[in-house]
Amino acid sequence: MAEKNESFEVKDFGWLVAMSILFFALVVVGFWIEFSTEWGPYQQEFPQLLGHYGKVEDARDFRAGIKQIWIPKIGVTDRCITCHLGYEWSSVLPATIAEPLKPHPMNDWLVKHEFSRFGCTPCHGGDGSATTVAGAHQGGRGWDDPMLSRALAGQNGLTMNEMIQMRCNFCHRHDAATPAMEEINLAKQLVKKKKCMVCHVVEGSGGTTGPELTYEGDRNPELLNFAHVRGERTMFNWNVQHLTQASVVSPHTQMPDFNMKPEESRALTLLLLSWRRLPYPPEYIPDPEVAAAAMQPSPTSTATPTPTATPIAR
Amino acid sequence: MGDKIKAFWRKISWAWSPESERESSEAIVKNFWLHWFPAKVARASMDWNYSFWLGTASAALLLILTVTGVMLMFFYVPSTERAYGSIKDLEYAVSFGRLLRNQHRWAAEGMVAIVYIHMARVFFTSAYRGARAINWVVGVILFLATLLLSFTGYLLPWDQLAFWAITVGTSIAKQAPLVGPTIQFILLGGHEIGQQTLLRFYVLHVFFLPVLALVLFGYHMWRVRKDGGLAVIERVRNERAMAPKATPKTKSYSLFGLTPGTSVQVMSSTELEESDQVFSSPNMSRRIALVFLIVFNITLLAALLFNAPLEGLANPSVTPNPAKAPWYFVWLQELVASTTVRMGGFTISGALLGGILLPGFLLAVLTLWPWLDRSPLRTEGRWLAPERKRQNATFAVATLVIIVLIMVGVYLRGPYWRIYWPGQPRPEIPQLY
């Protein structure tokens, strides 16, 4: 009897030791995973880079860790700068540095759109809260706001710059025309020229023959009929083809075939997709007249808005 | 001085002290915590192959869930605006946050499975007979509490997966006759899922259901002890009672002198022998520590290897295609979908039959089974006793059907709730760009 008793005692003790060792091993793996971050190597490299370009003090003051631009009133928590550390150093670092340390190009509009007020994702899209490459750039299933990368823009026949103009229009919706937003400006002219609002309601005015388009960008892509759409099953593609030849995409529609040029229908699609319900507070919405004035060729005429400055498509 | 300190310490550390020997002995005898475990346990109940220690594993999971859950509570905000963001923060910014959430998630899903398998074990060993029937009923309630805990926790990340799984789940509840709409209204705190639902599910998830589960778990354990330990002991007792005793040589005197045979003896040895028992300490405490450690290691390994699912922010206007209930309720969804009859424009919803009547019937039968079971008592504590062949087969088939339905719902159902075999292409879900 004593032998039998011992048999499981010894076995249990052996297993207890084995499981304890496994437990410690798993804890070590857990710590290793926690501390081998994707952003770690970039944060080691960055101060050296700053030092190399003469910013020795800034390099010394650099503290490693997750970095973020946090703007609660527009719902922005952008941790992109945990890796994209050079973003605001365009005056020091050359543009030839490889991503992710490459500085953000110092465009004209960045003067009015400071990083601290706008963050990254309002223009670029993507998941700002993520601190992994895949999480921030690619997103997962059911992710409705992917990052507007060069690749994604290329798939839709646009450049990244053109694609981003859609997001500019989140706030610039009521400008008749905005400097550097050629795509959206073209689309707004087309809305006027093709008389879209004879049939469609946009923000309270327009005809009721067609569906309302005020929040067209919020539509569920799954509710569209893709049976007659060539190529990718995307809302972008549906709109491009529908604007060109509505009778093909929606066989019994009353919408005429506008037979637009591809660049025109792409521009209009960008405009349509920019019409969304958005959380931006009034101080983020620009005065349409200021933009109109900036579009004038002569800087002397900025004070008086001309007739063309009245909003066309709102 | 020393006495004064001692008296003071006694005052602040003891609410009550015994006045007599009787009171002090009663204090020990009546103490709940001292009677979870007996001094000695049957050797047979230490056997891995009898119980597989599934109840202990469930308790270990409950402990892991409580500890990780309390830690998650420091970060989680139960508001529709901030819940999803706080999960993202856990995933990406909180130290060990992802590991914590993963372990909580996998332990929760594991607990649903392990509690069910534990129940199956009790069924197949006929361990719910006699006084143990009460504990069987307590166990059924504990299983329901586990399901509800998991279901309420499912909503909290406030992503598309959570939002629509709860939509499916509560829509099934709505189909109950008479009380259905009221039940749905109470669950949701309104007519649709919103802030009220999230708050309700949160309070249920972090307070009421855990308290219910812990109290019932305590009672469940205490009952195991009061009912005489695991049912395998009854088997040992039966074997002891049947075993021929080595009868001592006796002489019987009759009126005519010596007669052959033995004299009258008291066959009292239906109790366990000394050799059938081992001390709980350290044997059982060591074993429990081992089971806890194994369960902890498995959940930690799962947490390191697999990430808990998190989809896009909940969006009431965009239904994912397909929207599925949590896996342990997918079989109900499958039943609802397959019992829904469409004739032309006329639809008879299957939610009443598949979602309410059938699971209600199964639950009632499960709860009352100890009183429906007519098999002989000698099957107690024996695995798959031949006398119970039919009821064991019924339970196994029912379980198998549910597993198949879950597999179909989880793996084969695709867009538009159609069946897609492995390798068969699924239609591409339209994207924005």
# chains A, B, ... in the order shown; residues from 1 in each chain; ligands from 1
>>> closest_atom_pairs(of="chain B", to="chain A", cutoff="7 Å", atoms="only C-alpha atoms", output="Markdown table")
| residue | atom | partner | partner_atom | distance |
| --- | --- | --- | --- | --- |
| B:Lys88 | CA | A:Ser129 | CA | 6.4 |
| B:Asp89 | CA | A:Ser129 | CA | 6.9 |
| B:Tyr92 | CA | A:Thr131 | CA | 5.6 |
| B:Phe96 | CA | A:Glu34 | CA | 6.4 |
| B:Ser275 | CA | A:Met1 | CA | 6.9 |
| B:Asn283 | CA | A:Glu9 | CA | 6.8 |
| B:Arg287 | CA | A:Asp12 | CA | 6.6 |
| B:Leu290 | CA | A:Leu16 | CA | 5.4 |
| B:Leu293 | CA | A:Met19 | CA | 6.5 |
| B:Ile294 | CA | A:Met19 | CA | 6.4 |
| B:Asn297 | CA | A:Phe23 | CA | 5.9 |
| B:Leu301 | CA | A:Leu26 | CA | 6.9 |
| B:Leu304 | CA | A:Gly30 | CA | 6.8 |
| B:Glu311 | CA | A:Gly142 | CA | 5.7 |
| B:Gly312 | CA | A:Trp143 | CA | 4.8 |
| B:Val318 | CA | A:Asn220 | CA | 5.8 |
| B:Ile429 | CA | A:Glu222 | CA | 6.9 |
| B:Pro430 | CA | A:Arg233 | CA | 5.0 |
| B:Gln431 | CA | A:Thr234 | CA | 4.7 |
| B:Leu432 | CA | A:Met235 | CA | 4.8 |
| B:Tyr433 | CA | A:Phe236 | CA | 5.1 |
>>> residues_around(residues="Glu212 of chain A", least_positions_apart="5", cutoff="7 Å", atoms="only C-alpha atoms", output="PyMOL selection string")
chain A and resi 200-202
>>> select_by_dssp(residues="segment 24-246 of chain B", states="alpha helix (DSSP H)", output="PyMOL selection string")
chain B and resi 24-29+48-51+54-73+83-92+97-124+132-155+160-174+180-188+195-203+209-226+232-242
>>> write_last_selection(atoms="C-alpha atoms", output="compact mmCIF listing (two decimals), in the first residue's frame")
# COMPACT_ATOMS: atom_id res chain seq x y z
CA SER B 24 -14.46 27.19 20.73
CA SER B 25 -14.98 23.67 19.41
CA GLU B 26 -18.16 24.77 17.66
CA ALA B 27 -16.27 27.62 16.08
CA ILE B 28 -14.08 25.05 14.39
CA VAL B 29 -16.87 22.63 13.54
CA TRP B 48 -6.63 11.29 -12.83
CA ASN B 49 -8.73 8.99 -14.96
CA TYR B 50 -11.84 9.27 -12.83
CA SER B 51 -12.55 13.02 -12.63
CA LEU B 54 -12.14 19.21 -14.36
CA GLY B 55 -13.93 20.87 -11.44
CA THR B 56 -10.59 22.01 -10.05
CA ALA B 57 -9.63 23.24 -13.51
CA SER B 58 -12.88 25.25 -13.66
CA ALA B 59 -12.08 26.75 -10.27
CA ALA B 60 -8.58 27.60 -11.49
CA LEU B 61 -10.07 29.33 -14.53
CA LEU B 62 -12.46 31.26 -12.28
CA LEU B 63 -9.50 32.44 -10.20
CA ILE B 64 -7.50 33.44 -13.29
CA LEU B 65 -10.54 35.30 -14.66
CA THR B 66 -11.10 37.11 -11.38
CA VAL B 67 -7.49 38.24 -11.07
CA THR B 68 -7.04 39.27 -14.74
CA GLY B 69 -10.54 40.77 -14.74
CA VAL B 70 -9.85 42.99 -11.75
CA MET B 71 -6.64 44.17 -13.42
CA LEU B 72 -8.52 44.91 -16.65
CA MET B 73 -11.02 46.96 -14.64
CA ALA B 83 -14.74 51.42 -24.37
CA TYR B 84 -13.23 50.59 -27.75
CA GLY B 85 -10.41 53.10 -27.23
CA SER B 86 -9.58 51.62 -23.85
CA ILE B 87 -9.29 48.17 -25.43
CA LYS B 88 -6.99 49.62 -28.09
CA ASP B 89 -4.92 51.16 -25.31
CA LEU B 90 -4.70 47.77 -23.61
CA GLU B 91 -3.63 46.21 -26.89
CA TYR B 92 -0.99 48.75 -27.79
CA GLY B 97 -2.13 44.80 -21.48
CA ARG B 98 -2.46 42.60 -24.53
CA LEU B 99 -1.30 39.55 -22.58
CA LEU B 100 -3.79 40.35 -19.82
CA ARG B 101 -6.70 40.69 -22.22
CA ASN B 102 -5.68 37.60 -24.18
CA GLN B 103 -5.45 35.50 -21.03
CA HIS B 104 -8.82 36.77 -19.80
CA ARG B 105 -10.40 36.01 -23.15
CA TRP B 106 -9.00 32.51 -23.59
CA ALA B 107 -9.63 31.58 -19.95
CA ALA B 108 -13.25 32.71 -20.38
CA GLU B 109 -13.81 30.67 -23.52
CA GLY B 110 -11.95 27.75 -21.93
CA MET B 111 -14.13 27.93 -18.85
CA VAL B 112 -17.34 27.53 -20.88
CA ALA B 113 -15.86 24.39 -22.45
CA ILE B 114 -14.31 22.95 -19.26
CA VAL B 115 -17.45 23.49 -17.16
CA TYR B 116 -19.48 21.66 -19.80
CA ILE B 117 -16.99 18.78 -19.99
CA HIS B 118 -17.03 18.62 -16.18
CA MET B 119 -20.80 18.27 -16.33
CA ALA B 120 -20.48 15.54 -18.97
CA ARG B 121 -18.03 13.70 -16.71
CA VAL B 122 -20.51 13.82 -13.82
CA PHE B 123 -23.21 12.52 -16.14
CA PHE B 124 -21.16 9.66 -17.57
CA ARG B 132 -25.75 14.57 -4.86
CA ALA B 133 -28.74 15.56 -7.02
CA ILE B 134 -28.83 18.94 -5.29
CA ASN B 135 -25.23 19.59 -6.27
CA TRP B 136 -26.03 18.60 -9.84
CA VAL B 137 -28.70 21.33 -9.93
CA VAL B 138 -26.24 23.81 -8.40
CA GLY B 139 -23.80 22.77 -11.11
CA VAL B 140 -26.35 23.43 -13.85
CA ILE B 141 -26.92 26.93 -12.43
CA LEU B 142 -23.13 27.43 -12.29
CA PHE B 143 -22.91 26.44 -15.95
CA LEU B 144 -25.59 29.00 -16.81
CA ALA B 145 -23.73 31.61 -14.74
CA THR B 146 -20.57 30.79 -16.71
CA LEU B 147 -22.42 31.24 -20.01
CA LEU B 148 -23.91 34.56 -18.87
CA LEU B 149 -20.54 35.80 -17.60
CA SER B 150 -19.00 35.00 -20.94
CA PHE B 151 -21.91 36.53 -22.85
CA THR B 152 -21.91 39.79 -20.86
CA GLY B 153 -18.13 40.06 -21.25
CA TYR B 154 -18.46 39.59 -24.99
CA LEU B 155 -20.11 43.01 -25.43
CA GLN B 160 -18.36 45.09 -34.46
CA LEU B 161 -17.97 41.46 -33.32
CA ALA B 162 -19.28 42.29 -29.83
CA PHE B 163 -22.07 44.58 -30.94
CA TRP B 164 -23.57 42.22 -33.48
CA ALA B 165 -23.10 39.04 -31.44
CA ILE B 166 -25.13 40.65 -28.66
CA THR B 167 -27.68 41.85 -31.22
CA VAL B 168 -28.14 38.26 -32.41
CA GLY B 169 -28.22 36.88 -28.85
CA THR B 170 -30.77 39.34 -27.50
CA SER B 171 -32.93 39.07 -30.62
CA ILE B 172 -33.29 35.35 -29.90
CA ALA B 173 -34.35 36.16 -26.31
CA LYS B 174 -37.03 38.48 -27.74
CA GLY B 180 -39.70 37.84 -24.75
CA PRO B 181 -39.91 41.56 -25.57
CA THR B 182 -39.74 42.41 -21.85
CA ILE B 183 -36.64 40.23 -21.38
CA GLN B 184 -34.98 41.92 -24.34
CA PHE B 185 -35.95 45.36 -22.99
CA ILE B 186 -34.49 44.51 -19.57
CA LEU B 187 -31.28 43.10 -21.08
CA LEU B 188 -30.75 46.05 -23.41
CA GLN B 195 -24.90 53.04 -23.59
CA GLN B 196 -27.52 51.55 -21.24
CA THR B 197 -26.83 48.04 -22.55
CA LEU B 198 -23.10 48.44 -22.14
CA LEU B 199 -23.48 49.70 -18.58
CA ARG B 200 -25.93 46.93 -17.70
CA PHE B 201 -23.70 44.22 -19.12
CA TYR B 202 -20.67 45.74 -17.39
CA VAL B 203 -22.30 45.81 -13.93
CA LEU B 209 -22.59 37.42 -11.98
CA PRO B 210 -19.12 36.94 -10.40
CA VAL B 211 -20.66 37.19 -6.93
CA LEU B 212 -23.34 34.69 -7.91
CA ALA B 213 -20.70 32.37 -9.37
CA LEU B 214 -18.42 32.66 -6.32
CA VAL B 215 -21.22 32.04 -3.81
CA LEU B 216 -22.54 29.07 -5.78
CA PHE B 217 -19.02 27.76 -6.27
CA GLY B 218 -18.43 27.89 -2.51
CA TYR B 219 -21.69 26.04 -1.89
CA HIS B 220 -20.86 23.55 -4.67
CA MET B 221 -17.54 22.69 -3.00
CA TRP B 222 -19.07 22.46 0.43
CA ARG B 223 -21.77 20.14 -0.91
CA VAL B 224 -19.15 17.84 -2.46
CA ARG B 225 -17.69 17.46 1.02
CA LYS B 226 -21.06 17.07 2.77
CA VAL B 232 -16.27 7.20 -6.94
CA ILE B 233 -16.26 6.52 -3.19
CA GLU B 234 -19.65 4.83 -3.56
CA ARG B 235 -18.11 2.47 -6.05
CA VAL B 236 -15.33 1.62 -3.60
CA ARG B 237 -17.90 1.13 -0.84
CA ASN B 238 -19.96 -1.16 -3.03
CA GLU B 239 -16.89 -3.18 -3.88
CA ARG B 240 -15.96 -3.44 -0.21
CA ALA B 241 -19.46 -4.57 0.74
CA MET B 242 -19.46 -7.21 -1.99
>>> atom_distance(atom1="atom CA of Gln44 of chain A", atom2="atom CA of Phe62 of chain A")
9.7 Å
>>> atom_distance(atom1="atom CA of Pro78 of chain B", atom2="atom CA of Ile356 of chain B")
29.7 Å
>>> atom_distance(atom1="atom CA of Ala151 of chain A", atom2="atom CA of Gly40 of chain A")
26.2 Å
>>> residues_around(residues="Ala231 of chain B", least_positions_apart="2", cutoff="9 Å", atoms="only C-alpha atoms", output="PyMOL selection string")
chain B and resi 45+122+125-129+132+227-229+233-235+380-382
>>> write_last_selection(atoms="N, CA and C atoms", output="mmCIF file, in the first residue's frame")
data_model
loop_
_atom_site.group_PDB
_atom_site.id
_atom_site.type_symbol
_atom_site.label_atom_id
_atom_site.label_comp_id
_atom_site.auth_asym_id
_atom_site.auth_seq_id
_atom_site.Cartn_x
_atom_site.Cartn_y
_atom_site.Cartn_z
ATOM 1 N N SER B 45 -10.411 8.902 -5.408
ATOM 2 C CA SER B 45 -10.761 10.206 -5.964
ATOM 3 C C SER B 45 -9.514 10.990 -6.367
ATOM 4 N N VAL B 122 -19.606 14.171 -14.909
ATOM 5 C CA VAL B 122 -20.511 13.823 -13.815
ATOM 6 C C VAL B 122 -21.656 12.956 -14.349
ATOM 7 N N THR B 125 -20.423 9.348 -15.249
ATOM 8 C CA THR B 125 -20.049 8.522 -14.095
ATOM 9 C C THR B 125 -21.218 8.364 -13.138
ATOM 10 N N SER B 126 -22.393 8.853 -13.565
ATOM 11 C CA SER B 126 -23.595 8.712 -12.738
ATOM 12 C C SER B 126 -23.349 9.272 -11.328
ATOM 13 N N ALA B 127 -22.771 10.440 -11.271
ATOM 14 C CA ALA B 127 -22.313 10.977 -9.981
ATOM 15 C C ALA B 127 -23.298 11.970 -9.383
ATOM 16 N N TYR B 128 -24.564 11.875 -9.799
ATOM 17 C CA TYR B 128 -25.550 12.846 -9.316
ATOM 18 C C TYR B 128 -26.677 12.144 -8.575
ATOM 19 N N ARG B 129 -26.422 10.938 -8.065
ATOM 20 C CA ARG B 129 -27.510 10.151 -7.467
ATOM 21 C C ARG B 129 -27.724 10.556 -6.015
ATOM 22 N N ARG B 132 -26.570 13.786 -3.931
ATOM 23 C CA ARG B 132 -25.748 14.569 -4.857
ATOM 24 C C ARG B 132 -26.585 15.263 -5.933
ATOM 25 N N ASP B 227 -21.636 15.669 0.848
ATOM 26 C CA ASP B 227 -22.227 14.483 0.222
ATOM 27 C C ASP B 227 -21.289 13.293 0.268
ATOM 28 N N GLY B 228 -20.166 13.454 0.938
ATOM 29 C CA GLY B 228 -19.270 12.317 1.137
ATOM 30 C C GLY B 228 -18.163 12.222 0.114
ATOM 31 N N GLY B 229 -17.857 13.322 -0.554
ATOM 32 C CA GLY B 229 -16.754 13.299 -1.514
ATOM 33 C C GLY B 229 -17.234 12.927 -2.902
ATOM 34 N N ILE B 233 -16.321 7.160 -4.505
ATOM 35 C CA ILE B 233 -16.260 6.525 -3.186
ATOM 36 C C ILE B 233 -17.373 5.485 -3.042
ATOM 37 N N GLU B 234 -18.540 5.786 -3.642
ATOM 38 C CA GLU B 234 -19.652 4.831 -3.561
ATOM 39 C C GLU B 234 -19.278 3.531 -4.257
ATOM 40 N N ARG B 235 -18.535 3.673 -5.339
ATOM 41 C CA ARG B 235 -18.106 2.470 -6.053
ATOM 42 C C ARG B 235 -17.201 1.630 -5.147
ATOM 43 N N GLU B 380 -23.289 4.043 -9.657
ATOM 44 C CA GLU B 380 -22.719 5.264 -9.102
ATOM 45 C C GLU B 380 -21.199 5.241 -9.109
ATOM 46 N N GLY B 381 -20.610 6.292 -9.638
ATOM 47 C CA GLY B 381 -19.157 6.423 -9.589
ATOM 48 C C GLY B 381 -18.439 5.536 -10.585
ATOM 49 N N ARG B 382 -19.173 4.937 -11.524
ATOM 50 C CA ARG B 382 -18.507 4.101 -12.530
ATOM 51 C C ARG B 382 -18.646 4.754 -13.889
#
>>> closest_residue(among="B:Glu21, B:Trp371, B:Tyr411, B:Ala303", to="Gly423 of chain B", atoms="only C-alpha atoms")
B:Tyr411
>>> closest_residue(among="A:Val249, A:Leu271, A:Ile81, A:Cys171", to="Arg230 of chain A", atoms="only C-alpha atoms")
A:Val249
>>> select_by_dssp(residues="segment 112-308 of chain B", states="strand (DSSP E or B)", output="PyMOL selection string")
chain B and resi 159+252-254+257-259+277-279
>>> write_last_selection(atoms="N, CA and C atoms", output="mmCIF file, in the first residue's frame")
data_model
loop_
_atom_site.group_PDB
_atom_site.id
_atom_site.type_symbol
_atom_site.label_atom_id
_atom_site.label_comp_id
_atom_site.auth_asym_id
_atom_site.auth_seq_id
_atom_site.Cartn_x
_atom_site.Cartn_y
_atom_site.Cartn_z
ATOM 1 N N ASP B 159 -16.724 46.411 -30.121
ATOM 2 C CA ASP B 159 -16.335 46.375 -31.531
ATOM 3 C C ASP B 159 -17.482 45.739 -32.318
ATOM 4 N N SER B 252 -19.304 -23.247 16.191
ATOM 5 C CA SER B 252 -20.709 -23.081 16.537
ATOM 6 C C SER B 252 -21.190 -24.304 17.307
ATOM 7 N N TYR B 253 -21.830 -23.971 18.347
ATOM 8 C CA TYR B 253 -22.354 -25.079 19.152
ATOM 9 C C TYR B 253 -23.848 -25.169 18.978
ATOM 10 N N SER B 254 -24.282 -26.359 18.651
ATOM 11 C CA SER B 254 -25.730 -26.559 18.616
ATOM 12 C C SER B 254 -26.112 -27.454 19.800
ATOM 13 N N GLY B 257 -24.054 -30.530 19.728
ATOM 14 C CA GLY B 257 -22.603 -30.472 19.683
ATOM 15 C C GLY B 257 -22.120 -29.539 18.599
ATOM 16 N N LEU B 258 -20.911 -29.748 18.119
ATOM 17 C CA LEU B 258 -20.310 -28.867 17.113
ATOM 18 C C LEU B 258 -21.013 -29.018 15.776
ATOM 19 N N THR B 259 -21.260 -27.888 15.062
ATOM 20 C CA THR B 259 -21.814 -27.940 13.702
ATOM 21 C C THR B 259 -20.848 -27.266 12.743
ATOM 22 N N GLN B 277 -7.692 5.361 1.959
ATOM 23 C CA GLN B 277 -7.671 6.809 2.157
ATOM 24 C C GLN B 277 -6.255 7.360 2.204
ATOM 25 N N VAL B 278 -6.145 8.613 1.821
ATOM 26 C CA VAL B 278 -4.862 9.321 1.977
ATOM 27 C C VAL B 278 -5.158 10.652 2.657
ATOM 28 N N PHE B 279 -4.147 11.220 3.281
ATOM 29 C CA PHE B 279 -4.330 12.528 3.912
ATOM 30 C C PHE B 279 -4.470 13.609 2.838
#
>>> residues_around(residues="Met163 of chain A", least_positions_apart="2", cutoff="10 Å", atoms="only C-alpha atoms", output="PyMOL selection string")
chain A and resi 123-124+148-150+152-154+156-161+165-168+183-184+266-267+270
>>> write_last_selection(atoms="N, CA and C atoms", output="short mmCIF file (atom, residue, chain, number, x, y, z; two decimals), in the first residue's frame")
data_model
loop_
_atom_site.label_atom_id
_atom_site.label_comp_id
_atom_site.auth_asym_id
_atom_site.auth_seq_id
_atom_site.Cartn_x
_atom_site.Cartn_y
_atom_site.Cartn_z
N CYS A 123 -5.65 63.24 -41.64
CA CYS A 123 -5.29 63.33 -43.06
C CYS A 123 -5.00 61.95 -43.66
N HIS A 124 -4.21 61.14 -42.94
CA HIS A 124 -3.69 59.91 -43.55
C HIS A 124 -4.59 58.70 -43.35
N LEU A 148 -4.52 55.69 -46.07
CA LEU A 148 -4.46 56.03 -47.50
C LEU A 148 -3.02 55.98 -47.96
N SER A 149 -2.55 54.76 -48.20
CA SER A 149 -1.16 54.57 -48.61
C SER A 149 -1.02 54.82 -50.10
N ARG A 150 0.24 54.86 -50.55
CA ARG A 150 0.49 55.00 -51.99
C ARG A 150 -0.08 53.81 -52.75
N LEU A 152 -2.64 51.86 -51.91
CA LEU A 152 -4.10 51.93 -51.98
C LEU A 152 -4.55 52.96 -53.00
N ALA A 153 -3.87 54.12 -53.01
CA ALA A 153 -4.22 55.16 -53.98
C ALA A 153 -3.97 54.66 -55.39
N GLY A 154 -2.85 53.95 -55.58
CA GLY A 154 -2.50 53.42 -56.90
C GLY A 154 -3.55 52.46 -57.41
N ASN A 156 -6.58 52.64 -57.00
CA ASN A 156 -7.74 53.40 -57.45
C ASN A 156 -7.37 54.43 -58.51
N GLY A 157 -6.17 54.32 -59.06
CA GLY A 157 -5.76 55.21 -60.14
C GLY A 157 -5.47 56.63 -59.70
N LEU A 158 -5.08 56.77 -58.45
CA LEU A 158 -4.78 58.11 -57.93
C LEU A 158 -3.42 58.12 -57.27
N THR A 159 -2.93 59.33 -56.98
CA THR A 159 -1.74 59.41 -56.13
C THR A 159 -2.20 59.57 -54.69
N MET A 160 -1.27 59.33 -53.75
CA MET A 160 -1.62 59.44 -52.34
C MET A 160 -2.12 60.84 -52.03
N ASN A 161 -1.44 61.83 -52.63
CA ASN A 161 -1.81 63.22 -52.41
C ASN A 161 -3.24 63.50 -52.82
N GLN A 165 -6.84 64.31 -50.39
CA GLN A 165 -7.71 65.49 -50.54
C GLN A 165 -9.15 65.18 -50.12
N MET A 166 -9.54 63.92 -50.25
CA MET A 166 -10.87 63.51 -49.78
C MET A 166 -11.01 63.82 -48.30
N ARG A 167 -9.94 63.54 -47.54
CA ARG A 167 -10.00 63.78 -46.11
C ARG A 167 -9.88 65.26 -45.78
N CYS A 168 -9.20 66.04 -46.65
CA CYS A 168 -9.15 67.50 -46.44
C CYS A 168 -10.57 68.05 -46.44
N GLU A 183 -8.26 67.99 -56.97
CA GLU A 183 -9.26 66.94 -57.23
C GLU A 183 -10.63 67.38 -56.75
N ILE A 184 -10.68 67.80 -55.49
CA ILE A 184 -11.96 68.19 -54.89
C ILE A 184 -12.50 69.45 -55.58
N ARG A 266 -13.34 59.99 -60.96
CA ARG A 266 -12.56 59.71 -59.74
C ARG A 266 -12.62 60.90 -58.79
N ALA A 267 -12.52 62.10 -59.33
CA ALA A 267 -12.58 63.30 -58.49
C ALA A 267 -13.94 63.41 -57.81
N LEU A 270 -14.22 60.96 -54.99
CA LEU A 270 -13.53 61.45 -53.79
C LEU A 270 -14.43 62.42 -53.02
#
>>> residues_around(residues="Ser265 of chain A", least_positions_apart="5", cutoff="6 Å", atoms="only C-alpha atoms", output="ChimeraX atom specification")
/A:240,243,260
>>> closest_residue(among="B:Asn392, B:Leu400, B:Ser375, B:Val410", to="Ala325 of chain B", atoms="only C-alpha atoms")
B:Val410
>>> decode(residues="segment 215-255 of chain A", atoms="C-alpha atoms", output="JSON list (two decimals), in the first residue's frame")
[["chain", "number", "residue", "atom", "x", "y", "z"],
["A", 215, "TYR", "CA", -23.76, 61.54, -45.94],
["A", 216, "GLU", "CA", -22.94, 59.46, -49.01],
["A", 217, "GLY", "CA", -19.51, 58.58, -47.61],
["A", 218, "ASP", "CA", -21.11, 56.74, -44.65],
["A", 219, "ARG", "CA", -22.98, 54.26, -46.82],
["A", 220, "ASN", "CA", -22.46, 50.58, -46.17],
["A", 221, "PRO", "CA", -20.54, 49.22, -49.20],
["A", 222, "GLU", "CA", -22.35, 45.89, -48.76],
["A", 223, "LEU", "CA", -25.67, 47.46, -49.67],
["A", 224, "LEU", "CA", -24.45, 48.37, -53.16],
["A", 225, "ASN", "CA", -25.14, 46.13, -56.12],
["A", 226, "PHE", "CA", -21.82, 44.96, -57.55],
["A", 227, "ALA", "CA", -23.32, 42.64, -60.17],
["A", 228, "HIS", "CA", -22.46, 45.03, -63.01],
["A", 229, "VAL", "CA", -19.23, 46.51, -61.61],
["A", 230, "ARG", "CA", -15.96, 45.54, -63.25],
["A", 231, "GLY", "CA", -12.85, 45.03, -61.15],
["A", 232, "GLU", "CA", -12.52, 45.41, -57.36],
["A", 233, "ARG", "CA", -15.64, 45.29, -55.24],
["A", 234, "THR", "CA", -15.09, 48.63, -53.56],
["A", 235, "MET", "CA", -17.41, 51.53, -52.93],
["A", 236, "PHE", "CA", -14.84, 53.72, -54.70],
["A", 237, "ASN", "CA", -14.96, 51.58, -57.82],
["A", 238, "TRP", "CA", -18.76, 51.38, -57.73],
["A", 239, "ASN", "CA", -19.03, 55.15, -57.63],
["A", 240, "VAL", "CA", -16.47, 55.72, -60.40],
["A", 241, "GLN", "CA", -18.32, 53.38, -62.77],
["A", 242, "HIS", "CA", -21.75, 54.56, -61.67],
["A", 243, "LEU", "CA", -20.86, 58.18, -62.35],
["A", 244, "THR", "CA", -19.56, 57.30, -65.79],
["A", 245, "GLN", "CA", -22.29, 54.94, -66.91],
["A", 246, "ALA", "CA", -25.10, 54.74, -64.38],
["A", 247, "SER", "CA", -27.30, 52.70, -66.72],
["A", 248, "VAL", "CA", -24.76, 49.86, -66.76],
["A", 249, "VAL", "CA", -24.12, 49.68, -63.01],
["A", 250, "SER", "CA", -27.76, 50.17, -61.96],
["A", 251, "PRO", "CA", -29.84, 48.90, -64.93],
["A", 252, "HIS", "CA", -33.16, 50.58, -64.14],
["A", 253, "THR", "CA", -31.85, 53.85, -62.80],
["A", 254, "GLN", "CA", -33.21, 57.23, -63.82],
["A", 255, "MET", "CA", -29.72, 58.70, -63.56]]
